[in-house]
Amino acid sequence: MKHLFLSWLTTAACIGGFAAETVWLHTLDLTPTRQGYGTPQIDRGIREQPLSIAGQKFEHGVGTHAKSTLWINLAGGSSRFQAAVGVDDATGDAKASVTFKIVGDGRTLWQSGTLKMGDPAKSVDIDVTGIQTMILMVGDAGDGIAFDHANWADARFRVAGAMPKTMAQPSEPAVILTPAPGPSPRINGPRVYGCRPGNPFLYRIPTTGERPIRFAAAGLPDGLRLDAANGIITGTSPKRGRYAVTLRAANAHGRAKRTLKIVCGDTLALTPPMGWNHWYTHYDRITDELMRQAADVMVSSGMADVGYQYVNIDDCWMNASKNRDPLRVGPLRDDRGNIVPNKHFPDMKGLSDYIHSKGLKAGLYTSPGPLTCAGFAGSHEHEAQDARQFAEWGFDFLKYDWCSYDGVVKGDHSLESLKRPYQLMGDLLKQQNRDIVFNLCQYGMGNVWEWGEEVGGHCWRTAGDLGFELDRVFEVALKNAEHRVHSKPGSWNDPDYIQIGLIGNARGMGEPIPCPLTPNEQYAFMSLWCLMAAPLFYSGDMNHLDAFTLNVLCNPEVIEIDQDPLGECARVIPAGEDTFLMVKDLEDGDKAVGLFNRGEMETTVTARWSDLDVKGRPPVRDLWHQENLGRFRDAFAARVPAHGCVLVRLDCGR
Ligand code: GLA
């Protein structure tokens with residue numbers, strides 16, 4: 001009925017000899033709209049109140065919420081688009097800030113700049129003659145989508161030909177770009193590995209190729225031995241020094257050789273740690289059994305063959321005072337103050353032994369506060385006891401999550417208060433007779449990248465939980481890359497876990513479902529993390545890994561960019577309105593270059609040698625396709641899909 005009435009609003013006129021009419025946006029089918037919250041509203045704001053921008057009321061229009069996109073097929077039939085745009089008054093929050101953008105056939109036709117609550121409506125009146133596909137977009141102005149109620153008021157088309165029709169955003173096939181590893185051996189993983197003298201040593205040589213493979217290692221320091229059948233090196237770390245070990249792998253199809261530098265000293269994590277963390281899949285459902293399965297899959301899926309190594313338990317392995325699962329409720333500590341794992345974790349030492357038996361490493365989680373973020377027992381006032389216990393159990397990695405520590409410092413975020421708990425645990429971990437990588441998780445407070453290393457940290461989260469803002473992967477990465485000067489061996493900026501494949505929804509801690517990212521976004525995600533030398537922790541469902549997800553996670557040439565011994569985080573070079581380059585210097589003089597497109601349509605991105613400090617005609621290799629593209633003079637240009645990337649390595653010689 002309403003639609004019938006609204007269609008009368010369409011008015012006829014005569015433009016250039018053709019009958020032209022006005023077609024209102026709110027009369028179109030709005031169901032293809034994608035938006036960050038709620039559903040599109042006809043003639044009212046997202047809160048279902050009359051459309052109102054800075055006190056100005058509008059009878060007609062569409063109320064939406066950032067981030068929002070609506071694709072419209074104009075088929076060349078429209079000549080103008082007009083509207084008044086702004087933040088809806090009903091948001092009631094001064095933090096609301098949005099950007100409106102209109103894209104036509106891949107070109108930006110109009111953009112509003114940042115509009116906040118109370119800013120008068122901005123009018124749009126643009127020529128869309130000949131445009132085939134138009135996209136109406138609302139962005140979050142870079143500060144997250146909270147309160148971002150956005151109105152396309154009085155929005156209408158002048159139409160002289162084909163009628164505008166909304167359309168579903170074109171879907172992308174999940175194309176596997178990378179050839180499967182060949183049958184002959186290839187040794188992957190880091191080229192440099194740090195350990196501390198006298199501590200237990202464990203290193204599984206990551207190697208692709210058909211099994212059985214026979215391994216050999218020449219130049220292994222005293223105290224270390226290799227199991228030739230499985231490629232696992234164990235023993236006790238040697239005295240301080242640098243040891244160049246020649247690793248060899250051979251099978252029926254061929255042989256491979258590579259030098260691994262073992263650096264025995266004070267610094268661990270000489271390359272970004274790689275592994276899996278349970279959080280974004282199992283949340284408070286994690287069990288000993290699921291952890292063991294993850295370790296099994298890390299080997300059987302081939303992930304361990306390209307360098308994934310840590311199998312990390314996140315929150316919820318301890319007891320809570322109350323929880324929906326009675327098996328997770330119990331005493332937080334025993335009579336002697338020892339932390340008590342919950343009934344889903346009957347044997348912590350047995351679990352770490354199991355993980356180690358596969359040549360992998362085990363990680364654990366706690367908080368400096370009395371409770372973890374999910375309300376389980378934290379380490380407050382038991383730090384020394386817990387550090388000892390974690391080492392005795394055999395854990396190799398500790399994530400230390402601020403959580404309830406706010407209560408301890410009563411909200412005092414002075415640098416001293418921020419550092420204190422991390423310094424304490426950092427010192428304690430160094431005193432253990434184990435190499436324990438220390439991961440600070442406090443969401444970037446007090447510029448943690450400036451002092452994380454000083455308190456004993458090896459990596460630090462630079463922001464909040466990425467699971468809450470998967471639609472902002474590019475923004476989060478670009479923010480993380482701002483701290484690039486703090487990236488170096490043993491000291492890594494951590495933009496959070498890789499969330500592709502099946503993952504749970506962080507908001508509801510739900511069961512795993514397909515991640516909301518398009519295939520190209522997933523390639524871009526992995527490329528960004530590798531270019532930034534970020535820790536690579538997959539946090540999706542290990543029990544349902546599909547071929548596409550494994551392809552994105554396991555390309556050894558891409559991972560090599562992450563694991564490069566220089567430890568540099570790429571620098572960002574803007575390339576166009578929606579495009580940018582990331583350029584990373586590699587130890588052998590090569591450069592890794594990511595060409596990224598954040599726009600809604602495929603476009604050409606150009607990397608100019610003058611911007612990259614590249615000379616001559618270097619050979620260029622496409623890393624996702626593992627294909628040599630030839631030599632290029634002056635520049636390399638590629639078509640880059642929407643929200644996607646092309647990742648290349650320039651052989652700059654030396
Ligand atoms: C915080 C952290 C997450 C995860 C949860 C567990 O939100 O940032 O990575 O560890 O706590 O409760």
# chains A, B, ... in the order shown; residues from 1 in each chain; ligands from 1
>>> residues_near_ligand(ligand="ligand 1", cutoff="10 Å", atoms="only C-alpha atoms and all ligand atoms", output="ChimeraX atom specification")
/A:277-280,283-284,313-316,365-367,371-376,399-403,440-443,461,463-468,496-497,506
>>> write_last_selection(atoms="C-alpha atoms", output="mmCIF file, in the first residue's frame")
data_model
loop_
_atom_site.group_PDB
_atom_site.id
_atom_site.type_symbol
_atom_site.label_atom_id
_atom_site.label_comp_id
_atom_site.auth_asym_id
_atom_site.auth_seq_id
_atom_site.Cartn_x
_atom_site.Cartn_y
_atom_site.Cartn_z
ATOM 1 C CA ASN A 277 44.831 -19.411 19.215
ATOM 2 C CA HIS A 278 41.482 -20.809 20.280
ATOM 3 C CA TRP A 279 39.674 -17.562 21.091
ATOM 4 C CA TYR A 280 37.703 -16.628 17.990
ATOM 5 C CA TYR A 283 35.614 -18.896 23.270
ATOM 6 C CA ASP A 284 34.401 -20.307 26.619
ATOM 7 C CA ILE A 313 44.958 -21.687 24.849
ATOM 8 C CA ASP A 314 43.271 -18.354 25.444
ATOM 9 C CA ASP A 315 40.859 -17.461 28.253
ATOM 10 C CA CYS A 316 38.538 -19.894 30.108
ATOM 11 C CA TYR A 365 46.707 -17.066 28.825
ATOM 12 C CA THR A 366 46.081 -15.165 32.033
ATOM 13 C CA SER A 367 45.532 -11.658 33.334
ATOM 14 C CA LEU A 371 39.909 -12.038 36.924
ATOM 15 C CA THR A 372 40.359 -12.522 33.200
ATOM 16 C CA CYS A 373 38.178 -10.706 30.686
ATOM 17 C CA ALA A 374 35.713 -13.622 30.709
ATOM 18 C CA GLY A 375 35.613 -13.694 34.524
ATOM 19 C CA PHE A 376 37.998 -16.597 35.215
ATOM 20 C CA LYS A 399 49.383 -13.932 26.688
ATOM 21 C CA TYR A 400 48.895 -11.474 29.538
ATOM 22 C CA ASP A 401 45.575 -9.694 29.184
ATOM 23 C CA TRP A 402 44.916 -6.483 31.166
ATOM 24 C CA CYS A 403 41.164 -7.160 31.793
ATOM 25 C CA LEU A 440 51.206 -8.207 26.050
ATOM 26 C CA CYS A 441 47.490 -7.713 25.557
ATOM 27 C CA GLN A 442 46.331 -4.324 26.765
ATOM 28 C CA TYR A 443 44.882 -2.952 23.535
ATOM 29 C CA ARG A 461 48.428 -5.913 20.717
ATOM 30 C CA ALA A 463 44.444 -2.142 19.450
ATOM 31 C CA GLY A 464 41.238 -3.706 20.751
ATOM 32 C CA ASP A 465 39.755 -6.988 19.577
ATOM 33 C CA LEU A 466 39.752 -7.217 15.795
ATOM 34 C CA GLY A 467 36.859 -9.670 16.048
ATOM 35 C CA PHE A 468 34.605 -6.701 16.764
ATOM 36 C CA ASP A 496 45.351 -9.474 16.523
ATOM 37 C CA TYR A 497 44.560 -12.836 14.987
ATOM 38 C CA ALA A 506 33.031 -12.235 18.613
#
>>> residues_around(residues="Glu600 (chain A)", least_positions_apart="4", cutoff="8 Å", atoms="only C-alpha atoms", output="tab-separated table (two decimals) with C-alpha atoms, in the first residue's frame")
chain	number	residue	atom	x	y	z
A	106	GLY	CA	34.49	2.64	-10.15
A	642	ALA	CA	37.86	-4.57	-5.02
A	643	HIS	CA	39.05	-4.85	-1.39
>>> closest_atom_pairs(of="region 456-560 of chain A", to="region 619-637 of chain A", cutoff="9 Å", atoms="only C-alpha atoms", output="CSV")
residue,atom,partner,partner_atom,distance
A:Tyr523,CA,A:Trp624,CA,8.4
A:Val552,CA,A:Trp624,CA,8.5
A:Asn555,CA,A:Trp624,CA,7.2
A:Glu557,CA,A:Leu623,CA,6.1
A:Val558,CA,A:Leu623,CA,6.1
>>> residues_around(residues="region 31-48 of chain A", least_positions_apart="6", cutoff="9 Å", atoms="only C-alpha atoms", output="PyMOL selection string")
chain A and resi 58-71+88-91+138+145+149-151+153-154+166-169+471
>>> write_last_selection(atoms="N, CA, C and O atoms", output="compact mmCIF listing (two decimals), in the first residue's frame")
# COMPACT_ATOMS: atom_id res chain seq x y z
N PHE A 58 12.76 15.88 7.01
CA PHE A 58 12.58 15.45 5.62
C PHE A 58 11.46 14.42 5.56
O PHE A 58 11.43 13.50 6.38
N GLU A 59 10.61 14.62 4.59
CA GLU A 59 9.48 13.69 4.47
C GLU A 59 9.94 12.35 3.90
O GLU A 59 9.50 11.29 4.29
N HIS A 60 10.88 12.44 2.93
CA HIS A 60 11.27 11.23 2.22
C HIS A 60 12.78 10.99 2.31
O HIS A 60 13.55 11.93 2.45
N GLY A 61 13.11 9.73 2.17
CA GLY A 61 14.53 9.38 2.16
C GLY A 61 14.74 8.01 2.77
O GLY A 61 13.79 7.27 3.06
N VAL A 62 16.01 7.66 2.94
CA VAL A 62 16.37 6.35 3.47
C VAL A 62 17.27 6.55 4.69
O VAL A 62 18.26 7.29 4.63
N GLY A 63 16.92 5.89 5.78
CA GLY A 63 17.76 5.93 6.98
C GLY A 63 18.59 4.67 7.03
O GLY A 63 18.07 3.56 6.88
N THR A 64 19.90 4.83 7.19
CA THR A 64 20.77 3.67 7.25
C THR A 64 21.77 3.85 8.39
O THR A 64 21.62 4.77 9.22
N HIS A 65 22.75 2.98 8.44
CA HIS A 65 23.75 3.04 9.50
C HIS A 65 25.10 2.64 8.92
O HIS A 65 25.20 1.70 8.15
N ALA A 66 26.14 3.39 9.31
CA ALA A 66 27.49 3.03 8.82
C ALA A 66 27.85 1.63 9.33
O ALA A 66 27.36 1.23 10.37
N LYS A 67 28.69 0.93 8.65
CA LYS A 67 29.07 1.16 7.28
C LYS A 67 27.99 0.58 6.40
O LYS A 67 27.52 -0.53 6.64
N SER A 68 27.68 1.32 5.35
CA SER A 68 26.56 0.89 4.52
C SER A 68 26.94 1.00 3.05
O SER A 68 27.64 1.93 2.65
N THR A 69 26.51 0.01 2.28
CA THR A 69 26.68 0.10 0.83
C THR A 69 25.39 -0.35 0.16
O THR A 69 24.76 -1.31 0.59
N LEU A 70 25.03 0.35 -0.86
CA LEU A 70 23.88 -0.06 -1.67
C LEU A 70 24.27 0.07 -3.13
O LEU A 70 24.64 1.15 -3.60
N TRP A 71 24.24 -1.05 -3.84
CA TRP A 71 24.59 -1.07 -5.27
C TRP A 71 23.32 -0.84 -6.08
O TRP A 71 22.27 -1.45 -5.79
N ASP A 88 21.56 11.49 11.42
CA ASP A 88 20.20 11.65 11.92
C ASP A 88 20.24 12.15 13.38
O ASP A 88 21.00 11.64 14.20
N ASP A 89 19.40 13.13 13.68
CA ASP A 89 19.39 13.71 15.04
C ASP A 89 19.09 12.68 16.11
O ASP A 89 19.51 12.83 17.26
N ALA A 90 18.34 11.63 15.75
CA ALA A 90 17.93 10.66 16.77
C ALA A 90 19.10 9.91 17.38
O ALA A 90 18.97 9.27 18.41
N THR A 91 20.29 10.01 16.74
CA THR A 91 21.45 9.34 17.33
C THR A 91 21.72 9.87 18.73
O THR A 91 22.13 9.14 19.62
N VAL A 138 28.21 4.66 2.97
CA VAL A 138 28.39 5.46 4.18
C VAL A 138 29.53 4.83 4.97
O VAL A 138 29.49 3.63 5.28
N ILE A 145 31.82 2.41 14.13
CA ILE A 145 30.46 2.71 13.64
C ILE A 145 29.50 3.13 14.74
O ILE A 145 28.34 3.43 14.45
N HIS A 149 24.22 6.94 12.71
CA HIS A 149 22.94 6.91 12.01
C HIS A 149 23.05 7.86 10.82
O HIS A 149 23.37 9.03 11.02
N ALA A 150 22.79 7.38 9.65
CA ALA A 150 23.06 8.20 8.46
C ALA A 150 21.84 8.24 7.55
O ALA A 150 21.22 7.21 7.31
N ASN A 151 21.53 9.43 7.06
CA ASN A 151 20.34 9.59 6.20
C ASN A 151 20.70 10.01 4.78
O ASN A 151 21.49 10.93 4.58
N ALA A 153 18.57 11.69 2.66
CA ALA A 153 17.25 12.33 2.65
C ALA A 153 16.97 12.90 1.25
O ALA A 153 17.90 13.26 0.52
N ASP A 154 15.70 12.96 0.93
CA ASP A 154 15.27 13.52 -0.36
C ASP A 154 16.05 12.93 -1.54
O ASP A 154 16.32 13.62 -2.53
N THR A 166 18.08 -1.57 -7.66
CA THR A 166 19.14 -1.98 -6.73
C THR A 166 19.56 -3.40 -7.09
O THR A 166 18.82 -4.15 -7.72
N MET A 167 20.76 -3.73 -6.69
CA MET A 167 21.28 -5.06 -7.05
C MET A 167 22.14 -5.59 -5.90
O MET A 167 22.63 -4.82 -5.07
N ALA A 168 22.27 -6.89 -5.86
CA ALA A 168 23.15 -7.47 -4.84
C ALA A 168 24.59 -7.14 -5.20
O ALA A 168 24.94 -7.07 -6.38
N GLN A 169 25.39 -6.89 -4.20
CA GLN A 169 26.82 -6.68 -4.44
C GLN A 169 27.35 -7.92 -5.14
O GLN A 169 27.09 -9.04 -4.68
N ASP A 471 35.10 -5.56 9.68
CA ASP A 471 34.85 -4.73 8.50
C ASP A 471 35.89 -3.61 8.40
O ASP A 471 35.83 -2.80 7.49
>>> residues_around(residues="region 575-590 of chain A", least_positions_apart="5", cutoff="9 Å", atoms="only C-alpha atoms", output="short mmCIF file (atom, residue, chain, number, x, y, z; two decimals) with C-alpha atoms, in the first residue's frame")
data_model
loop_
_atom_site.label_atom_id
_atom_site.label_comp_id
_atom_site.auth_asym_id
_atom_site.auth_seq_id
_atom_site.Cartn_x
_atom_site.Cartn_y
_atom_site.Cartn_z
CA THR A 108 34.22 8.56 -6.94
CA LEU A 528 48.79 -7.02 5.16
CA LEU A 531 53.97 -7.16 5.09
CA MET A 532 53.66 -5.75 8.61
CA ILE A 561 57.69 -12.10 3.79
CA ASP A 564 61.99 -12.23 7.01
CA PRO A 565 64.93 -11.91 9.42
CA LEU A 566 65.16 -8.10 9.06
CA GLY A 567 61.83 -7.86 10.87
CA GLU A 568 60.78 -4.71 9.08
CA CYS A 569 57.17 -3.56 9.02
CA ALA A 570 56.30 -2.29 5.53
CA LEU A 595 49.32 -3.19 -4.12
CA PHE A 596 46.04 -2.68 -2.27
CA ASN A 597 42.62 -1.51 -3.40
CA ARG A 598 40.10 -0.52 -0.72
CA GLY A 599 37.59 0.61 -3.32
CA GLU A 600 34.42 -1.09 -4.45
CA THR A 603 41.19 -0.78 -10.48
CA THR A 604 44.77 -0.40 -11.69
CA VAL A 605 47.39 0.23 -9.01
CA THR A 606 50.88 1.32 -9.98
CA ALA A 607 54.06 0.91 -7.97
CA LEU A 612 60.07 2.52 -3.88
CA ARG A 649 58.51 -9.64 -4.66
CA LEU A 650 61.07 -7.55 -6.52
CA ASP A 651 64.39 -9.26 -6.98
CA CYS A 652 66.59 -6.23 -6.49
CA GLY A 653 69.81 -8.23 -6.46
CA ARG A 654 72.66 -7.00 -4.39
#
>>> residues_around(residues="Arg420 (chain A)", least_positions_apart="5", cutoff="9 Å", atoms="only C-alpha atoms", output="list in words")
Leu415, Met425 and Val455 of chain A
>>> write_last_selection(atoms="N, CA, C and O atoms", output="PDB file, in the first residue's frame")
ATOM      1  N   LEU A 415      51.702   5.916  32.884  1.00  0.00           N
ATOM      2  CA  LEU A 415      52.650   4.992  32.277  1.00  0.00           C
ATOM      3  C   LEU A 415      53.156   3.989  33.306  1.00  0.00           C
ATOM      4  O   LEU A 415      53.299   2.799  33.023  1.00  0.00           O
ATOM      5  N   MET A 425      55.637  -9.540  35.379  1.00  0.00           N
ATOM      6  CA  MET A 425      55.532 -10.860  34.752  1.00  0.00           C
ATOM      7  C   MET A 425      56.684 -11.082  33.770  1.00  0.00           C
ATOM      8  O   MET A 425      57.221 -12.186  33.675  1.00  0.00           O
ATOM      9  N   VAL A 455      59.781  -4.002  28.973  1.00  0.00           N
ATOM     10  CA  VAL A 455      59.221  -4.767  30.100  1.00  0.00           C
ATOM     11  C   VAL A 455      59.280  -6.276  29.844  1.00  0.00           C
ATOM     12  O   VAL A 455      58.701  -7.047  30.594  1.00  0.00           O
TER      13      VAL A 455
END
>>> atom_distance(atom1="CA of Ser123 (chain A)", atom2="CA of Lys101 (chain A)")
12.3 Å
>>> residues_around(residues="Pro197 (chain A)", least_positions_apart="3", cutoff="7 Å", atoms="only C-alpha atoms", output="list in words")
Ser237, Pro238, Lys239, Arg240, Cys264 and Gly265 of chain A
>>> select_by_dssp(residues="region 371-568 of chain A", states="alpha helix (DSSP H)", output="JSON, numbers by chain")
{"A": [383, 384, 385, 386, 387, 388, 389, 390, 391, 392, 393, 405, 406, 407, 408, 415, 416, 417, 418, 419, 420, 421, 422, 423, 424, 425, 426, 427, 428, 429, 430, 431, 473, 474, 475, 476, 477, 478, 479, 480, 481, 519, 520, 521, 522, 523, 524, 525, 526, 527, 528, 529, 530, 531, 547, 548, 549, 550, 551, 552, 553, 556, 557, 558, 559, 560, 561, 562]}
>>> write_last_selection(atoms="C-alpha atoms", output="short mmCIF file (atom, residue, chain, number, x, y, z; two decimals), in the first residue's frame")
data_model
loop_
_atom_site.label_atom_id
_atom_site.label_comp_id
_atom_site.auth_asym_id
_atom_site.auth_seq_id
_atom_site.Cartn_x
_atom_site.Cartn_y
_atom_site.Cartn_z
CA GLU A 383 52.32 -13.83 39.71
CA ALA A 384 55.49 -15.66 40.77
CA GLN A 385 53.62 -18.83 41.62
CA ASP A 386 51.79 -18.79 38.31
CA ALA A 387 54.89 -18.06 36.23
CA ARG A 388 56.58 -21.05 37.90
CA GLN A 389 53.54 -23.22 37.39
CA PHE A 390 53.18 -22.33 33.70
CA ALA A 391 56.86 -23.18 33.16
CA GLU A 392 56.53 -26.46 35.08
CA TRP A 393 53.52 -27.40 33.02
CA TYR A 405 43.59 -4.93 36.26
CA ASP A 406 41.75 -1.65 35.77
CA GLY A 407 40.18 -2.35 39.18
CA VAL A 408 43.61 -2.85 40.74
CA LEU A 415 52.65 4.99 32.28
CA GLU A 416 53.90 3.58 35.55
CA SER A 417 50.60 1.80 36.25
CA LEU A 418 50.43 0.48 32.70
CA LYS A 419 53.96 -0.90 32.77
CA ARG A 420 54.08 -2.31 36.30
CA PRO A 421 52.20 -5.61 35.85
CA TYR A 422 53.96 -6.37 32.57
CA GLN A 423 57.39 -5.62 33.96
CA LEU A 424 56.63 -7.93 36.90
CA MET A 425 55.53 -10.86 34.75
CA GLY A 426 58.21 -10.15 32.12
CA ASP A 427 60.93 -10.46 34.79
CA LEU A 428 59.37 -13.61 36.23
CA LEU A 429 59.19 -15.31 32.86
CA LYS A 430 62.88 -14.62 32.24
CA GLN A 431 63.68 -16.37 35.53
CA VAL A 473 40.70 -4.81 8.54
CA PHE A 474 42.35 -2.23 6.24
CA GLU A 475 41.98 0.58 8.78
CA VAL A 476 43.27 -1.56 11.64
CA ALA A 477 46.26 -2.60 9.55
CA LEU A 478 47.08 0.95 8.49
CA LYS A 479 46.90 2.10 12.12
CA ASN A 480 49.14 -0.79 13.19
CA ALA A 481 51.65 0.08 10.46
CA PRO A 519 37.86 -14.03 -0.79
CA ASN A 520 39.82 -10.97 -1.90
CA GLU A 521 39.56 -9.44 1.55
CA GLN A 522 41.00 -12.65 2.97
CA TYR A 523 43.98 -12.52 0.61
CA ALA A 524 44.43 -8.85 1.52
CA PHE A 525 44.21 -9.65 5.26
CA MET A 526 47.00 -12.22 5.07
CA SER A 527 49.12 -10.00 2.81
CA LEU A 528 48.79 -7.02 5.16
CA TRP A 529 49.80 -9.10 8.19
CA CYS A 530 52.82 -10.54 6.40
CA LEU A 531 53.97 -7.16 5.09
CA ALA A 547 40.99 -25.76 0.75
CA PHE A 548 40.55 -22.01 0.21
CA THR A 549 41.35 -21.12 3.81
CA LEU A 550 44.40 -23.36 3.85
CA ASN A 551 45.53 -21.81 0.60
CA VAL A 552 45.38 -18.32 2.12
CA LEU A 553 47.10 -19.43 5.33
CA PRO A 556 55.26 -20.36 1.99
CA GLU A 557 56.42 -17.51 -0.25
CA VAL A 558 53.92 -15.17 1.38
CA ILE A 559 54.84 -16.38 4.86
CA GLU A 560 58.50 -15.81 4.04
CA ILE A 561 57.69 -12.10 3.79
CA ASP A 562 56.33 -12.18 7.35
#
>>> select_by_dssp(residues="region 354-550 of chain A", states="strand (DSSP E or B)", output="PyMOL selection string")
chain A and resi 361-366+371+376-377+397-401+437-441+459-461+488+491-494+498+502-503+513-514+536-538
>>> residues_around(residues="Val98 (chain A)", least_positions_apart="5", cutoff="9 Å", atoms="only C-alpha atoms", output="NGL selection string")
:A and (66-67 or 86-87 or 112-117 or 138-143 or 145 or 148-150)
>>> write_last_selection(atoms="all heavy atoms", output="compact mmCIF listing (two decimals), in the first residue's frame")
# COMPACT_ATOMS: atom_id res chain seq x y z
N ALA A 66 26.14 3.39 9.31
CA ALA A 66 27.49 3.03 8.82
C ALA A 66 27.85 1.63 9.33
O ALA A 66 27.36 1.23 10.37
CB ALA A 66 28.51 4.04 9.35
N LYS A 67 28.69 0.93 8.65
CA LYS A 67 29.07 1.16 7.28
C LYS A 67 27.99 0.58 6.40
O LYS A 67 27.52 -0.53 6.64
CB LYS A 67 30.38 0.47 6.98
CG LYS A 67 31.54 1.05 7.74
CD LYS A 67 32.79 0.28 7.35
CE LYS A 67 34.02 0.94 7.89
NZ LYS A 67 35.24 0.19 7.49
N GLY A 86 23.28 13.47 5.88
CA GLY A 86 23.82 13.88 7.17
C GLY A 86 23.50 12.86 8.24
O GLY A 86 22.87 11.82 7.98
N VAL A 87 23.94 13.17 9.47
CA VAL A 87 23.71 12.29 10.62
C VAL A 87 22.30 12.56 11.15
O VAL A 87 21.91 13.71 11.33
CB VAL A 87 24.76 12.56 11.72
CG1 VAL A 87 24.43 11.77 12.98
CG2 VAL A 87 26.15 12.23 11.21
N SER A 112 31.28 13.47 0.87
CA SER A 112 30.82 14.52 1.77
C SER A 112 31.92 15.03 2.69
O SER A 112 31.80 16.11 3.25
CB SER A 112 29.70 13.97 2.66
OG SER A 112 30.22 12.94 3.51
N GLY A 113 32.97 14.26 2.89
CA GLY A 113 33.86 14.57 4.01
C GLY A 113 33.15 14.15 5.29
O GLY A 113 32.02 13.65 5.25
N THR A 114 33.78 14.37 6.44
CA THR A 114 33.20 13.90 7.70
C THR A 114 32.03 14.79 8.12
O THR A 114 32.14 16.01 8.15
CB THR A 114 34.28 13.90 8.80
OG1 THR A 114 35.32 13.02 8.38
CG2 THR A 114 33.71 13.43 10.13
N LEU A 115 30.92 14.15 8.42
CA LEU A 115 29.75 14.88 8.94
C LEU A 115 29.44 14.35 10.32
O LEU A 115 29.39 13.15 10.55
CB LEU A 115 28.54 14.66 8.02
CG LEU A 115 28.65 15.24 6.60
CD1 LEU A 115 27.40 14.90 5.80
CD2 LEU A 115 28.83 16.76 6.67
N LYS A 116 29.21 15.27 11.25
CA LYS A 116 28.94 14.87 12.63
C LYS A 116 27.51 15.21 12.99
O LYS A 116 26.84 15.94 12.25
CB LYS A 116 29.87 15.62 13.57
CG LYS A 116 31.33 15.28 13.38
CD LYS A 116 32.13 16.06 14.40
CE LYS A 116 33.59 15.82 14.29
NZ LYS A 116 34.14 14.58 14.61
N MET A 117 27.10 14.73 14.16
CA MET A 117 25.76 15.07 14.61
C MET A 117 25.66 16.59 14.74
O MET A 117 26.57 17.22 15.26
CB MET A 117 25.45 14.43 15.96
CG MET A 117 23.98 14.50 16.28
SD MET A 117 23.62 14.00 17.96
CE MET A 117 24.16 15.41 18.88
N VAL A 138 28.21 4.66 2.97
CA VAL A 138 28.39 5.46 4.18
C VAL A 138 29.53 4.83 4.97
O VAL A 138 29.49 3.63 5.28
CB VAL A 138 27.12 5.48 5.06
CG1 VAL A 138 27.35 6.36 6.29
CG2 VAL A 138 25.92 5.99 4.27
N GLY A 139 30.54 5.63 5.26
CA GLY A 139 31.68 5.15 6.05
C GLY A 139 31.59 5.64 7.49
O GLY A 139 30.71 6.44 7.84
N ASP A 140 32.49 5.16 8.31
CA ASP A 140 32.44 5.49 9.75
C ASP A 140 33.38 6.63 10.13
O ASP A 140 33.61 6.87 11.32
CB ASP A 140 32.76 4.24 10.58
CG ASP A 140 34.19 3.78 10.40
OD1 ASP A 140 34.92 4.40 9.59
OD2 ASP A 140 34.60 2.82 11.06
N ALA A 141 33.94 7.31 9.16
CA ALA A 141 34.87 8.43 9.38
C ALA A 141 36.08 7.99 10.20
O ALA A 141 36.71 8.80 10.89
CB ALA A 141 34.16 9.63 10.03
N GLY A 142 36.36 6.71 10.17
CA GLY A 142 37.59 6.21 10.76
C GLY A 142 37.55 5.96 12.26
O GLY A 142 38.55 5.58 12.86
N ASP A 143 36.38 6.16 12.90
CA ASP A 143 36.37 6.00 14.37
C ASP A 143 35.39 4.92 14.83
O ASP A 143 34.88 4.97 15.95
CB ASP A 143 36.04 7.34 15.04
CG ASP A 143 34.67 7.86 14.60
OD1 ASP A 143 34.01 7.19 13.77
OD2 ASP A 143 34.26 8.92 15.10
N ILE A 145 31.82 2.41 14.13
CA ILE A 145 30.46 2.71 13.64
C ILE A 145 29.50 3.13 14.74
O ILE A 145 28.34 3.43 14.45
CB ILE A 145 29.87 1.49 12.88
CG1 ILE A 145 29.63 0.30 13.84
CG2 ILE A 145 30.75 1.09 11.72
CD1 ILE A 145 28.75 -0.78 13.22
N ASP A 148 26.51 5.83 14.45
CA ASP A 148 26.57 6.42 13.11
C ASP A 148 25.27 6.22 12.32
O ASP A 148 25.21 5.44 11.36
CB ASP A 148 27.77 5.85 12.33
CG ASP A 148 29.10 6.40 12.85
OD1 ASP A 148 29.06 7.33 13.68
OD2 ASP A 148 30.15 5.91 12.42
N HIS A 149 24.22 6.94 12.71
CA HIS A 149 22.94 6.91 12.01
C HIS A 149 23.05 7.86 10.82
O HIS A 149 23.37 9.03 11.02
CB HIS A 149 21.82 7.39 12.91
CG HIS A 149 21.69 6.62 14.19
ND1 HIS A 149 20.62 6.74 15.03
CD2 HIS A 149 22.51 5.72 14.77
CE1 HIS A 149 20.78 5.94 16.07
NE2 HIS A 149 21.93 5.31 15.94
N ALA A 150 22.79 7.38 9.65
CA ALA A 150 23.06 8.20 8.46
C ALA A 150 21.84 8.24 7.55
O ALA A 150 21.22 7.21 7.31
CB ALA A 150 24.26 7.60 7.71
>>> closest_residue(among="A:Ala304, A:Ala362, A:Ala534, A:Val485", to="Asp435 (chain A)", atoms="only C-alpha atoms")
A:Ala362
>>> closest_residue(among="A:Val192, A:Ala295, A:Ile232, A:Cys459", to="Val245 (chain A)", atoms="only C-alpha atoms")
A:Val192
